[in-house]
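> Below you'll find the structure I mean.
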Amino acid sequence: MRILLSAYACEPGKGSEPGVGWNWAVELVRRGHHVWVLTRANNRPIIEQAYARLRAANVRQLRFIYYDLPAWASWWKRGSFGVHLYYALWQRAILPIARSAHHTHGFHVVHHLTFGVWRQPAHLYRLGIPMVFGPVGGGETAPWSLLLDLPSYADRFKELLRTAWNVAACFNPAVRRCLRSAAFVVAKTSDTARLIERTGAECFQSIEIGIESVNGRTLALEPSRGTLRCIYAGRLLGWKGVHLALRAIAMARAANVNATLTVVGRGPRSRPLRRMARELGLDNHVRFIDWIDQPSLFQEFRRHDLFLFPSLHDSSGNVILESFLNGLPVVALKLGGPGVLVTESCGKLIAVCRTSKREHVTGALVSELAALARDPERLTALRAGAIRRANDMSWSAAVARVYERVEAAHIDAGR
């Protein structure tokens with residue numbers, strides 16, 4: 001098939017949305033398709049470096065179409081609201097460019113991939129060919145009892161706005177038209193699927209992220225030495241739940257569980273979290289690292305026993321797959337993407353319900369930390385399970401889960 005892939009975020013060697021855009025494009029080519037990627041001109045320098053290596057490997061079915069809004073519009077990208085405004089304008093501006101490319105190349109499918117947020121519509125269905133929309137997330141949520149317990153009023157207000165935006169999107173004519181016009185709508189999680197279905201559209205579920213295989217590679221994992229060494233990596237935002245992790249470590253130590261925590265990341269909650277660690281008496285048991293590159297982060301993973309990730313509404317979780325890649329089991333809340341990615345063979349999910357409160361969640365986290373600290377054999381088994389899980393979550397598998405359906409429909413349409 002000839003596929004036009006809309007990937008606003010697309011950069012090789014990156015995680016999150018940019019990594020999704022790049023890896024899906026490469027995997028679609030590996031499946032035998034001819035792919036044109038419509039992306040930001042800002043991504044061009046790093047893409048062309050990687051593209052040269054692909055051409056040297058005789059990968060010639062991948063092409064790029066670059067577009068950015070005029071330079072005077074770049075100031076809109078300041079702040080989170082500005083980024084969304086710039087992105088919405090970019091989505092509208094690429095339609096004539098996509099039409100011109102379709103007139104020249106005759107695409108069979110157009111696929112909106114990034115940003116992968118269900119409430120931000122694409123307009124490429126107007127090309128008159130089948131559109132794949134997703135995988136998209138953004139509908140994930142947590143019990144209000146936990147959201148209202150976030151450490152700052154600003155975080156609680158943001159969660160209220162996010163919830164209102166999701167509700168309003170169900171009635172947004174542009175969103176409804178986009179979803180109903182798509183041939184395939186893919187939701188990352190069941191929470192997002194339920195919101196999509198409220199618009200009258202049909203969808204199926206599939207997580208969008210992947211990881212490179214570790215088959216045939218031996219990992220040098222440092223054995224535990226009597227201390228349960230936990231690590232968190234990611235942005236330091238209220239809804240990421242690091243405050244829950246700190247409380248769990250403090251409670252575990254009070255219960256004679258020798259546990260420590262390393263927090264890797266930066267964000268607006270950095271100073272409040274450091275202050276909270278001091279107030280909980282964790283100065284000697286919690287280490288903060290502002291930022292390290294990916295190879296250094298992977299080394300840190302291998303020096304720890306457990307990835308502690310009490311996020312309240314991640315739609316997927318690249319860092320979870322990266323922890324699996326490095327033989328690190330995960331303890332997370334059974335919410336959003338982590339609830340899909342983590343299984344009993346590679347970690348533990350803490351169940352939450354509509355009435356769950358902070359005390360319930362931290363208590364469950366402490367119980368799991370204590371159980372793992374007292375059972376090193378189980379921890380070793382979970383490490384092996386994490387590596388197996390990483391092998392199951394390859395980029396090729398992520399793309400195949402969606403495109404087996406798309407390809408079958410294309411074949412049926414051609415009969």
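Convention: chains lettered A, B, ... in structure tokens order; per-chain residue numbering from 1; ligands numbered from 1 as shown.
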What parts of stretch 229-359 of chain A does DSSP call strand (DSSP E)? I'd like the answer as a VMD selection string.

chain A and resid 229 to 233 259 to 264 286 to 289 306 to 309 330 to 333 347 to 350

> Please produce an output containing C-alpha atoms for each residue in the selection, written as a CSV table (one decimal), in the first residue's frame.


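Wrote out_16.csv, looks like this:
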```
chain,number,residue,atom,x,y,z
A,229,ARG,CA,16.5,-0.4,45.5
A,230,CYS,CA,13.5,1.3,43.8
A,231,ILE,CA,13.7,3.9,41.0
A,232,TYR,CA,11.4,6.3,39.3
A,233,ALA,CA,12.1,8.1,36.0
A,259,ALA,CA,13.9,0.3,50.8
A,260,THR,CA,15.5,3.3,49.0
A,261,LEU,CA,14.3,5.4,46.0
A,262,THR,CA,16.1,7.1,43.2
A,263,VAL,CA,14.0,9.8,41.4
A,264,VAL,CA,15.3,10.7,37.9
A,286,VAL,CA,16.0,9.1,48.5
A,287,ARG,CA,18.3,10.4,45.8
A,288,PHE,CA,17.2,12.9,43.2
A,289,ILE,CA,18.9,13.1,39.7
A,306,LEU,CA,12.3,-2.3,41.0
A,307,PHE,CA,10.7,0.4,38.9
A,308,LEU,CA,8.2,2.3,41.0
A,309,PHE,CA,5.6,4.1,38.8
A,330,VAL,CA,7.5,-2.6,37.6
A,331,VAL,CA,5.1,-1.9,40.4
A,332,ALA,CA,2.4,0.5,39.1
A,333,LEU,CA,-1.2,1.4,39.7
A,347,GLY,CA,5.7,-6.8,38.0
A,348,LYS,CA,2.7,-6.0,40.1
A,349,LEU,CA,-0.4,-3.8,39.5
A,350,ILE,CA,-2.0,-2.1,42.5
```

> Leaving out A:Gly15 and any residue of its chain fewer than 3 positions from it, which residues lie within 7 Å of it when counting only C-alpha atoms, given as a PDB file with C-alpha atoms, in the first residue's frame?


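File written: result-v9.pdb
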```pdb
ATOM      1  CA  PRO A  18       8.697  11.508  18.486  1.00  0.00           C
ATOM      2  CA  GLY A  19       9.866   7.908  18.821  1.00  0.00           C
ATOM      3  CA  ASN A 318       7.639   4.235  27.219  1.00  0.00           C
TER       4      ASN A 318
END
```

> Find the distance between atom CA of A:Val242 and atom CA of A:Pro135 and write it in Å to one decimal.

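Result for atom CA of A:Val242 versus atom CA of A:Pro135: 26.8 Å, one decimal.
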
> In Å, rounded to a single decimal, give me how far atom CA of A:Ile249 is from atom CA of A:Ser367.

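About the pair atom CA of A:Ser367 and atom CA of A:Ile249: they are 10.8 Å apart.
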
> As a list of chain:residue names, please: every residue in stretch 214-273 of chain A that a backbone DSSP assignment puts in helix (DSSP H, G or I).

A:Gly238, A:Trp239, A:Lys240, A:Val242, A:His243, A:Leu244, A:Ala245, A:Leu246, A:Arg247, A:Ala248, A:Ile249, A:Ala250, A:Met251, A:Ala252, A:Arg253, A:Ala254, A:Ser270, A:Arg271, A:Pro272, A:Leu273

> Calculate how many Å separate atom CA of A:Met251 from atom CA of A:Ala373, rounding to one decimal.

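Atom CA of A:Ala373 lies at a distance of 13.9 Å from atom CA of A:Met251.
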